Structure formats: structure tokens, C-alpha cells
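Student: My file is upload_21.cif. It has mmCIF, C-alpha atoms:
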data_start
#
loop_
_atom_site.group_PDB
_atom_site.id
_atom_site.type_symbol
_atom_site.label_atom_id
_atom_site.label_comp_id
_atom_site.auth_asym_id
_atom_site.auth_seq_id
_atom_site.Cartn_x
_atom_site.Cartn_y
_atom_site.Cartn_z
ATOM 1 C CA MET A 185 -8.307 -21.537 32.587
ATOM 2 C CA ASN A 186 -6.858 -18.134 33.337
ATOM 3 C CA LYS A 187 -6.397 -15.838 30.322
ATOM 4 C CA ALA A 188 -2.756 -15.402 31.222
ATOM 5 C CA PHE A 189 -2.089 -19.005 30.217
ATOM 6 C CA THR A 190 -3.910 -19.031 26.896
ATOM 7 C CA ARG A 191 -2.237 -18.116 23.672
ATOM 8 C CA GLU A 192 -4.000 -15.991 21.097
ATOM 9 C CA GLU A 193 -3.736 -17.281 17.585
ATOM 10 C CA ILE A 194 -1.560 -15.085 15.409
ATOM 11 C CA THR A 195 -2.129 -15.604 11.733
ATOM 12 C CA GLU A 196 0.479 -15.110 9.070
ATOM 13 C CA ASP A 197 -2.106 -13.580 6.776
ATOM 14 C CA ASP A 198 -1.469 -9.977 7.681
ATOM 15 C CA GLU A 199 -2.833 -8.714 4.372
ATOM 16 C CA GLU A 200 -6.170 -8.065 6.080
ATOM 17 C CA PHE A 201 -4.519 -5.402 8.246
ATOM 18 C CA SER A 202 -3.862 -3.148 5.304
ATOM 19 C CA SER A 203 -6.210 -1.340 2.996
ATOM 20 C CA ALA A 204 -3.941 -2.343 0.127
ATOM 21 C CA PRO A 205 -4.966 -5.315 -2.002
ATOM 22 C CA ALA A 206 -2.917 -8.472 -2.019
ATOM 23 C CA LEU A 207 -0.105 -8.719 -4.521
ATOM 24 C CA PRO A 208 -0.488 -11.110 -7.444
ATOM 25 C CA ALA A 209 1.190 -14.455 -6.802
ATOM 26 C CA HIS A 210 4.940 -14.408 -7.421
ATOM 27 C CA ALA A 211 4.860 -10.748 -8.459
ATOM 28 C CA PRO A 212 7.278 -8.170 -7.110
ATOM 29 C CA ASN A 213 5.890 -5.244 -5.158
ATOM 30 C CA TYR A 214 6.534 -2.380 -7.571
ATOM 31 C CA MET A 215 6.712 0.993 -5.826
ATOM 32 C CA THR A 216 7.701 4.534 -6.595
ATOM 33 C CA PRO A 217 10.502 6.039 -4.476
ATOM 34 C CA ALA A 218 7.951 8.186 -2.630
ATOM 35 C CA GLY A 219 5.779 5.162 -1.794
ATOM 36 C CA PHE A 220 8.787 3.197 -0.541
ATOM 37 C CA ALA A 221 9.871 6.155 1.600
ATOM 38 C CA ARG A 222 6.379 6.478 3.111
ATOM 39 C CA LEU A 223 6.217 2.794 4.106
ATOM 40 C CA LYS A 224 9.799 2.875 5.432
ATOM 41 C CA ALA A 225 9.034 5.998 7.498
ATOM 42 C CA GLU A 226 5.945 4.303 8.965
ATOM 43 C CA LEU A 227 7.981 1.204 9.858
ATOM 44 C CA ASP A 228 10.699 3.333 11.469
ATOM 45 C CA TYR A 229 8.101 5.278 13.463
ATOM 46 C CA LEU A 230 6.374 2.123 14.715
ATOM 47 C CA ASN A 231 9.668 0.441 15.677
ATOM 48 C CA GLY A 232 11.416 3.518 17.033
ATOM 49 C CA ASP A 233 8.691 5.579 18.685
ATOM 50 C CA GLU A 234 5.229 4.098 19.093
ATOM 51 C CA ARG A 235 6.092 0.510 20.044
ATOM 52 C CA PRO A 236 8.755 1.353 22.708
ATOM 53 C CA ALA A 237 6.458 3.926 24.343
ATOM 54 C CA LEU A 238 3.606 1.414 24.413
ATOM 55 C CA VAL A 239 5.836 -1.318 25.839
ATOM 56 C CA ALA A 240 6.785 1.058 28.673
ATOM 57 C CA THR A 241 3.108 1.795 29.372
ATOM 58 C CA VAL A 242 2.161 -1.891 29.369
ATOM 59 C CA SER A 243 5.081 -2.694 31.644
ATOM 60 C CA TRP A 244 4.042 0.033 34.063
ATOM 61 C CA ALA A 245 0.406 -1.136 33.954
ATOM 62 C CA ALA A 246 1.440 -4.760 34.579
ATOM 63 C CA GLY A 247 3.207 -3.659 37.737
ATOM 64 C CA ASN A 248 -0.005 -2.192 39.144
ATOM 65 C CA GLY A 249 -1.392 -5.546 40.206
ATOM 66 C CA ASP A 250 -4.646 -7.092 38.966
ATOM 67 C CA ARG A 251 -4.463 -7.145 35.182
ATOM 68 C CA SER A 252 -8.022 -8.365 34.592
ATOM 69 C CA GLU A 253 -9.534 -4.911 35.207
ATOM 70 C CA ASN A 254 -6.532 -2.808 34.243
ATOM 71 C CA GLY A 255 -7.574 -0.777 31.188
ATOM 72 C CA ASP A 256 -4.052 0.459 30.429
ATOM 73 C CA TYR A 257 -2.767 -3.107 30.389
ATOM 74 C CA ILE A 258 -5.651 -4.606 28.379
ATOM 75 C CA TYR A 259 -5.752 -1.817 25.785
ATOM 76 C CA GLY A 260 -1.956 -1.658 25.635
ATOM 77 C CA LYS A 261 -1.596 -5.387 24.909
ATOM 78 C CA LYS A 262 -4.268 -5.175 22.218
ATOM 79 C CA ARG A 263 -2.635 -2.154 20.586
ATOM 80 C CA LEU A 264 0.772 -3.849 20.823
ATOM 81 C CA ARG A 265 -0.584 -6.835 18.848
ATOM 82 C CA GLU A 266 -1.952 -4.444 16.201
ATOM 83 C CA ILE A 267 1.397 -2.662 15.921
ATOM 84 C CA ASP A 268 3.288 -5.956 15.677
ATOM 85 C CA ARG A 269 0.915 -7.140 12.933
ATOM 86 C CA ARG A 270 1.408 -3.886 11.005
ATOM 87 C CA ILE A 271 5.200 -4.153 11.420
ATOM 88 C CA ARG A 272 5.157 -7.707 10.013
ATOM 89 C CA PHE A 273 3.033 -6.522 7.088
ATOM 90 C CA LEU A 274 5.356 -3.591 6.338
ATOM 91 C CA VAL A 275 8.477 -5.751 6.554
ATOM 92 C CA LYS A 276 6.973 -8.250 4.083
ATOM 93 C CA ARG A 277 5.948 -5.499 1.651
ATOM 94 C CA LEU A 278 9.307 -3.720 1.847
ATOM 95 C CA ASP A 279 11.223 -6.991 1.422
ATOM 96 C CA LYS A 280 9.361 -7.646 -1.856
ATOM 97 C CA ALA A 281 9.666 -4.022 -2.994
ATOM 98 C CA VAL A 282 11.113 -3.178 -6.374
ATOM 99 C CA VAL A 283 11.535 0.588 -6.502
ATOM 100 C CA VAL A 284 10.933 2.026 -9.960
ATOM 101 C CA ASN A 285 11.626 5.703 -10.490
ATOM 102 C CA PRO A 286 9.312 7.031 -13.236
ATOM 103 C CA VAL A 287 11.655 9.947 -13.937
ATOM 104 C CA GLU A 288 14.217 7.488 -15.337
ATOM 105 C CA ARG A 289 11.772 6.574 -18.162
ATOM 106 C CA ARG A 290 11.527 10.089 -19.581
ATOM 107 C CA ASP A 291 13.442 9.059 -22.716
ATOM 108 C CA ASP A 292 11.054 6.147 -23.327
ATOM 109 C CA SER A 293 7.848 8.111 -22.898
ATOM 110 C CA GLU A 294 5.927 6.734 -25.838
ATOM 111 C CA ARG A 295 4.683 3.537 -24.158
ATOM 112 C CA ILE A 296 2.849 3.180 -20.862
ATOM 113 C CA TYR A 297 4.701 1.374 -18.095
ATOM 114 C CA PHE A 298 4.681 1.482 -14.299
ATOM 115 C CA GLY A 299 4.945 5.068 -13.040
ATOM 116 C CA ALA A 300 3.410 6.676 -16.117
ATOM 117 C CA THR A 301 1.068 9.628 -15.786
ATOM 118 C CA VAL A 302 -1.522 9.170 -18.511
ATOM 119 C CA ASP A 303 -4.172 11.495 -19.905
ATOM 120 C CA ILE A 304 -7.108 9.430 -21.144
ATOM 121 C CA VAL A 305 -10.364 10.251 -22.886
ATOM 122 C CA ASN A 306 -13.425 8.025 -22.560
ATOM 123 C CA GLY A 307 -16.132 7.452 -25.165
ATOM 124 C CA ASP A 308 -18.113 10.480 -23.934
ATOM 125 C CA GLY A 309 -15.138 12.785 -24.471
ATOM 126 C CA GLU A 310 -14.426 13.191 -20.750
ATOM 127 C CA GLU A 311 -10.748 13.616 -19.954
ATOM 128 C CA ARG A 312 -9.028 12.159 -16.923
ATOM 129 C CA THR A 313 -5.449 11.903 -15.705
ATOM 130 C CA VAL A 314 -4.214 8.788 -13.900
ATOM 131 C CA THR A 315 -0.824 7.754 -12.571
ATOM 132 C CA ILE A 316 0.082 4.064 -12.373
ATOM 133 C CA VAL A 317 1.601 3.346 -8.944
ATOM 134 C CA GLY A 318 2.134 0.429 -6.554
ATOM 135 C CA VAL A 319 -0.628 -1.411 -4.732
ATOM 136 C CA ASP A 320 0.348 0.293 -1.464
ATOM 137 C CA GLU A 321 0.197 3.744 -3.062
ATOM 138 C CA PHE A 322 -3.150 3.767 -4.845
ATOM 139 C CA ASP A 323 -5.349 6.774 -4.130
ATOM 140 C CA PRO A 324 -8.286 7.191 -6.521
ATOM 141 C CA ALA A 325 -9.018 10.692 -5.244
ATOM 142 C CA ARG A 326 -5.595 11.827 -6.496
ATOM 143 C CA GLY A 327 -5.776 9.783 -9.704
ATOM 144 C CA HIS A 328 -3.254 7.186 -8.489
ATOM 145 C CA ILE A 329 -4.268 3.719 -9.647
ATOM 146 C CA SER A 330 -2.618 0.424 -8.785
ATOM 147 C CA TRP A 331 -0.646 -1.321 -11.519
ATOM 148 C CA VAL A 332 -2.830 -4.419 -10.969
ATOM 149 C CA SER A 333 -6.121 -2.529 -11.371
ATOM 150 C CA PRO A 334 -8.270 -3.241 -14.444
ATOM 151 C CA MET A 335 -7.627 0.233 -15.877
ATOM 152 C CA ALA A 336 -3.851 0.018 -15.465
ATOM 153 C CA THR A 337 -3.805 -3.502 -16.882
ATOM 154 C CA ALA A 338 -5.678 -2.259 -19.945
ATOM 155 C CA LEU A 339 -3.345 0.732 -20.367
ATOM 156 C CA LEU A 340 0.015 -0.978 -19.841
ATOM 157 C CA ARG A 341 2.175 -1.187 -22.990
ATOM 158 C CA SER A 342 -0.185 0.972 -25.058
ATOM 159 C CA ARG A 343 0.933 4.180 -26.805
ATOM 160 C CA VAL A 344 -0.392 7.689 -27.363
ATOM 161 C CA GLY A 345 -3.355 7.466 -29.718
ATOM 162 C CA ASP A 346 -4.184 3.842 -28.887
ATOM 163 C CA THR A 347 -7.731 2.950 -27.910
ATOM 164 C CA VAL A 348 -7.954 0.231 -25.288
ATOM 165 C CA ILE A 349 -10.850 -1.806 -23.970
ATOM 166 C CA LEU A 350 -11.611 -1.425 -20.254
ATOM 167 C CA ARG A 351 -13.810 -4.104 -18.741
ATOM 168 C CA THR A 352 -15.732 -2.805 -15.713
ATOM 169 C CA PRO A 353 -18.686 -4.102 -13.703
ATOM 170 C CA ALA A 354 -20.807 -1.539 -15.577
ATOM 171 C CA GLY A 355 -19.744 -2.983 -18.914
ATOM 172 C CA ILE A 356 -17.117 -2.508 -21.568
ATOM 173 C CA GLU A 357 -15.705 0.968 -22.122
ATOM 174 C CA GLU A 358 -13.263 2.221 -24.735
ATOM 175 C CA ILE A 359 -10.651 4.715 -23.599
ATOM 176 C CA THR A 360 -8.131 6.545 -25.743
ATOM 177 C CA VAL A 361 -4.624 7.451 -24.606
ATOM 178 C CA ALA A 362 -4.164 11.198 -25.167
ATOM 179 C CA ASP A 363 -0.754 11.731 -23.539
ATOM 180 C CA VAL A 364 1.914 9.841 -21.584
ATOM 181 C CA ARG A 365 4.582 11.383 -19.392
ATOM 182 C CA TYR A 366 6.931 10.218 -16.680
ATOM 183 C CA ILE A 367 7.197 12.655 -13.791
ATOM 184 C CA ASP A 368 8.190 12.411 -10.151
ATOM 185 C CA VAL A 369 5.276 10.924 -8.208
ATOM 186 C CA VAL A 370 4.720 12.717 -4.930
ATOM 187 C CA ASP A 371 3.070 10.508 -2.330
ATOM 188 C CA ALA A 372 0.938 12.300 0.229
ATOM 189 C CA PRO A 373 1.027 10.767 3.709
ATOM 190 C CA ARG A 374 -2.066 8.778 4.655
ATOM 191 C CA VAL A 375 -3.832 9.543 7.859
#
Using the file provided, produce a representation of the structure as C-alpha cells.
Tutor:
Amino acid sequence: MNKAFTREEITEDDEEFSSAPALPAHAPNYMTPAGFARLKAELDYLNGDERPALVATVSWAAGNGDRSENGDYIYGKKRLREIDRRIRFLVKRLDKAVVVNPVERRDDSERIYFGATVDIVNGDGEERTVTIVGVDEFDPARGHISWVSPMATALLRSRVGDTVILRTPAGIEEITVADVRYIDVVDAPRV
């Protein structure tokens, strides 16, 4: 049968398209304002710029005749499917988004909640600063950890001076909360 008459299977599980982990079942998608803005900007770019330009290219390539050896058409259709999958993923994530501004918690800065920037000290006396952000915003190189990560789960609801148990593949580690603050989280664009 000719490829033109076959239908490719499109799965609803678009989570695989993203580097972000899946959300816990029935949990909202907590995000900082910067993370929400980054995902919204990506969605707007895909819908407003990249997808229409690609549709025009595919349309032009389809008019050139034989599609079986037409690289512009074949690549364009493949890229169009990738863009559509990413758009579906972004729409789902943004629909579940609950935007939490950490700056609004400045008055309640004794406990650790979503959006907190926390200074921690491990058992060896090494200090580290982490910020608890949404699953779509995590960036270990910048110290941004997802609120569903083991470290964030251990830290949530603790206070300055508390020692919490962190269970890692390497074993159990005790970490002490040295400081908690709620500041504006700046989200660097991902490449």
C-alpha cells in the first residue's frame, strides 16, 4: 500500500517528548511565573512562527510532484509532527499549571515551601544553595530542583535549623537547613 494512504499512530503520551519528568498523578503543575512565561513563549513561537513557516514549506514541496524522494516534503512532515507533539505537550502542561510566585511568601519565610531558595549543609560541612521549582523548570547546574525530587520532598515543610534525612541511591544523608528565603526566580531560556 502506498505510504500516502497509511496513517501513522499518534500517541497521547507526549511526556516522552520533553526532558521534564511526568507529574505525579492528580497533582497540579506548580510553576514559578518565569517558568510559566518561558513555556508560554515557546508555545506562542511554535504556533505563531515556526509551524506556519513549515506548513508553507511543506505545501510548496508537495506541489513539486513526486513526494517519495522530496527531501523538503519528507523532512517537513516529520518536523511538523514533532512540533505538533510539542504543542500538545505544552498545552497540557500549561492547562494544569498553578503559578506560585515565591516573592509573595516573603512574610512566611520560616518554613520551606514551593519556590523557596534554601541554603543547606551536608554531613561533611559542604554548603549548597537550591531553589525548589516546577518539574518543567529544574536545572541542576543552576541549583534549581523539582518540587517532586527526593531532596525537595525531604526539605518541604522543614524550618531553619532542622536536619532532614535525604535518601539517595548512594545511601542515607543528613542535611541541615541553614537559611530559607523567597526571592524572584529567574528562569534562563533553554536551548
Student: Could you give me, as an MDAnalysis selection string, the residues that sit within 7 Å of (9.0, 11.7, -10.9) in the file's coordinates, counting all atoms listed in the file?
Tutor: chainID A and resid 285:287 366:369
Student: Measure the distance from CA of Ala211 (chain A) to CA of Arg272 (chain A) in Å and round it to one decimal.
Tutor: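 These atoms are spaced 18.7 Å apart.
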Student: Between A:Ala338, A:Val370, A:Ala218, A:Val332, which one has atoms that come closest to Ile356 (chain A), using only C-alpha atoms?
Tutor: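 Counting only C-alpha atoms, the residue closest to Ile356 (chain A) is A:Ala338.
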Student: Could you spell out the hits of the PyMOL selection byres ((chain A and resi 216) around 8) on the shown file, as a PDB file with C-alpha atoms, in the coordinates of the input?
Tutor:
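The new file part-v7.pdb reads:
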ATOM      1  CA  TYR A 214       6.534  -2.380  -7.571  1.00  0.00           C
ATOM      2  CA  MET A 215       6.712   0.993  -5.826  1.00  0.00           C
ATOM      3  CA  PRO A 217      10.502   6.039  -4.476  1.00  0.00           C
ATOM      4  CA  ALA A 218       7.951   8.186  -2.630  1.00  0.00           C
ATOM      5  CA  GLY A 219       5.779   5.162  -1.794  1.00  0.00           C
ATOM      6  CA  PHE A 220       8.787   3.197  -0.541  1.00  0.00           C
ATOM      7  CA  VAL A 283      11.535   0.588  -6.502  1.00  0.00           C
ATOM      8  CA  VAL A 284      10.933   2.026  -9.960  1.00  0.00           C
ATOM      9  CA  ASN A 285      11.626   5.703 -10.490  1.00  0.00           C
ATOM     10  CA  PRO A 286       9.312   7.031 -13.236  1.00  0.00           C
ATOM     11  CA  GLY A 299       4.945   5.068 -13.040  1.00  0.00           C
ATOM     12  CA  VAL A 317       1.601   3.346  -8.944  1.00  0.00           C
ATOM     13  CA  GLY A 318       2.134   0.429  -6.554  1.00  0.00           C
ATOM     14  CA  VAL A 369       5.276  10.924  -8.208  1.00  0.00           C
TER      15      VAL A 369
END
Student: Go ahead and compute the interatomic distance for CA of Ser333 (chain A) and CA of Asp320 (chain A), in Å to one decimal.
Tutor: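 Answer for the CA of Ser333 (chain A) to CA of Asp320 (chain A) separation: 12.2 Å.
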Student: Please evaluate the PyMOL selection byres ((chain A and resi 270) around 9) against the displayed coordinates and give the resulting residues as an mmCIF file with C-alpha atoms, in the frame of the given file.
Tutor:
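Contents of expr34.cif, as written:
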data_model
loop_
_atom_site.group_PDB
_atom_site.id
_atom_site.type_symbol
_atom_site.label_atom_id
_atom_site.label_comp_id
_atom_site.auth_asym_id
_atom_site.auth_seq_id
_atom_site.Cartn_x
_atom_site.Cartn_y
_atom_site.Cartn_z
ATOM 1 C CA ASP A 198 -1.469 -9.977 7.681
ATOM 2 C CA PHE A 201 -4.519 -5.402 8.246
ATOM 3 C CA SER A 202 -3.862 -3.148 5.304
ATOM 4 C CA LEU A 227 7.981 1.204 9.858
ATOM 5 C CA LEU A 230 6.374 2.123 14.715
ATOM 6 C CA ARG A 265 -0.584 -6.835 18.848
ATOM 7 C CA GLU A 266 -1.952 -4.444 16.201
ATOM 8 C CA ILE A 267 1.397 -2.662 15.921
ATOM 9 C CA ASP A 268 3.288 -5.956 15.677
ATOM 10 C CA ARG A 269 0.915 -7.140 12.933
ATOM 11 C CA ILE A 271 5.200 -4.153 11.420
ATOM 12 C CA ARG A 272 5.157 -7.707 10.013
ATOM 13 C CA PHE A 273 3.033 -6.522 7.088
ATOM 14 C CA LEU A 274 5.356 -3.591 6.338
ATOM 15 C CA VAL A 275 8.477 -5.751 6.554
#
Student: Quick one: region 322-339 of chain A with N, CA, C and O atoms, as an mmCIF file, in the frame of the given file?
Tutor:
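The resulting file, selection31.cif, is shown below:
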data_model
loop_
_atom_site.group_PDB
_atom_site.id
_atom_site.type_symbol
_atom_site.label_atom_id
_atom_site.label_comp_id
_atom_site.auth_asym_id
_atom_site.auth_seq_id
_atom_site.Cartn_x
_atom_site.Cartn_y
_atom_site.Cartn_z
ATOM 1 N N PHE A 322 -1.973 3.342 -4.086
ATOM 2 C CA PHE A 322 -3.150 3.767 -4.845
ATOM 3 C C PHE A 322 -3.983 4.756 -4.042
ATOM 4 O O PHE A 322 -4.105 4.675 -2.833
ATOM 5 N N ASP A 323 -4.512 5.741 -4.741
ATOM 6 C CA ASP A 323 -5.349 6.774 -4.130
ATOM 7 C C ASP A 323 -6.238 7.341 -5.233
ATOM 8 O O ASP A 323 -5.844 8.274 -5.936
ATOM 9 N N PRO A 324 -7.422 6.766 -5.422
ATOM 10 C CA PRO A 324 -8.286 7.191 -6.521
ATOM 11 C C PRO A 324 -8.626 8.686 -6.501
ATOM 12 O O PRO A 324 -8.782 9.289 -7.556
ATOM 13 N N ALA A 325 -8.695 9.276 -5.326
ATOM 14 C CA ALA A 325 -9.018 10.692 -5.244
ATOM 15 C C ALA A 325 -7.935 11.559 -5.894
ATOM 16 O O ALA A 325 -8.223 12.637 -6.398
ATOM 17 N N ARG A 326 -6.709 11.092 -5.897
ATOM 18 C CA ARG A 326 -5.595 11.827 -6.496
ATOM 19 C C ARG A 326 -5.270 11.319 -7.891
ATOM 20 O O ARG A 326 -4.311 11.770 -8.507
ATOM 21 N N GLY A 327 -6.019 10.338 -8.377
ATOM 22 C CA GLY A 327 -5.776 9.783 -9.704
ATOM 23 C C GLY A 327 -4.679 8.738 -9.723
ATOM 24 O O GLY A 327 -4.186 8.380 -10.783
ATOM 25 N N HIS A 328 -4.269 8.232 -8.563
ATOM 26 C CA HIS A 328 -3.254 7.186 -8.489
ATOM 27 C C HIS A 328 -3.952 5.837 -8.509
ATOM 28 O O HIS A 328 -4.739 5.532 -7.612
ATOM 29 N N ILE A 329 -3.657 5.040 -9.532
ATOM 30 C CA ILE A 329 -4.268 3.719 -9.647
ATOM 31 C C ILE A 329 -3.180 2.655 -9.537
ATOM 32 O O ILE A 329 -2.048 2.858 -9.944
ATOM 33 N N SER A 330 -3.546 1.530 -8.969
ATOM 34 C CA SER A 330 -2.618 0.424 -8.785
ATOM 35 C C SER A 330 -2.296 -0.225 -10.122
ATOM 36 O O SER A 330 -3.160 -0.335 -10.987
ATOM 37 N N TRP A 331 -1.066 -0.687 -10.265
ATOM 38 C CA TRP A 331 -0.646 -1.321 -11.519
ATOM 39 C C TRP A 331 -1.382 -2.630 -11.777
ATOM 40 O O TRP A 331 -1.352 -3.126 -12.896
ATOM 41 N N VAL A 332 -2.070 -3.187 -10.766
ATOM 42 C CA VAL A 332 -2.830 -4.419 -10.969
ATOM 43 C C VAL A 332 -4.318 -4.147 -11.179
ATOM 44 O O VAL A 332 -5.091 -5.075 -11.355
ATOM 45 N N SER A 333 -4.709 -2.873 -11.170
ATOM 46 C CA SER A 333 -6.121 -2.529 -11.371
ATOM 47 C C SER A 333 -6.527 -2.799 -12.818
ATOM 48 O O SER A 333 -5.681 -2.842 -13.717
ATOM 49 N N PRO A 334 -7.817 -2.986 -13.069
ATOM 50 C CA PRO A 334 -8.270 -3.241 -14.444
ATOM 51 C C PRO A 334 -7.885 -2.124 -15.423
ATOM 52 O O PRO A 334 -7.485 -2.399 -16.553
ATOM 53 N N MET A 335 -7.967 -0.866 -14.976
ATOM 54 C CA MET A 335 -7.627 0.233 -15.877
ATOM 55 C C MET A 335 -6.139 0.214 -16.221
ATOM 56 O O MET A 335 -5.755 0.353 -17.381
ATOM 57 N N ALA A 336 -5.292 0.044 -15.213
ATOM 58 C CA ALA A 336 -3.851 0.018 -15.465
ATOM 59 C C ALA A 336 -3.481 -1.175 -16.341
ATOM 60 O O ALA A 336 -2.658 -1.050 -17.259
ATOM 61 N N THR A 337 -4.080 -2.309 -16.071
ATOM 62 C CA THR A 337 -3.805 -3.502 -16.882
ATOM 63 C C THR A 337 -4.171 -3.254 -18.344
ATOM 64 O O THR A 337 -3.449 -3.673 -19.246
ATOM 65 N N ALA A 338 -5.274 -2.562 -18.575
ATOM 66 C CA ALA A 338 -5.678 -2.259 -19.945
ATOM 67 C C ALA A 338 -4.719 -1.264 -20.602
ATOM 68 O O ALA A 338 -4.427 -1.362 -21.791
ATOM 69 N N LEU A 339 -4.205 -0.313 -19.812
ATOM 70 C CA LEU A 339 -3.345 0.732 -20.367
ATOM 71 C C LEU A 339 -1.898 0.303 -20.587
ATOM 72 O O LEU A 339 -1.238 0.809 -21.502
#
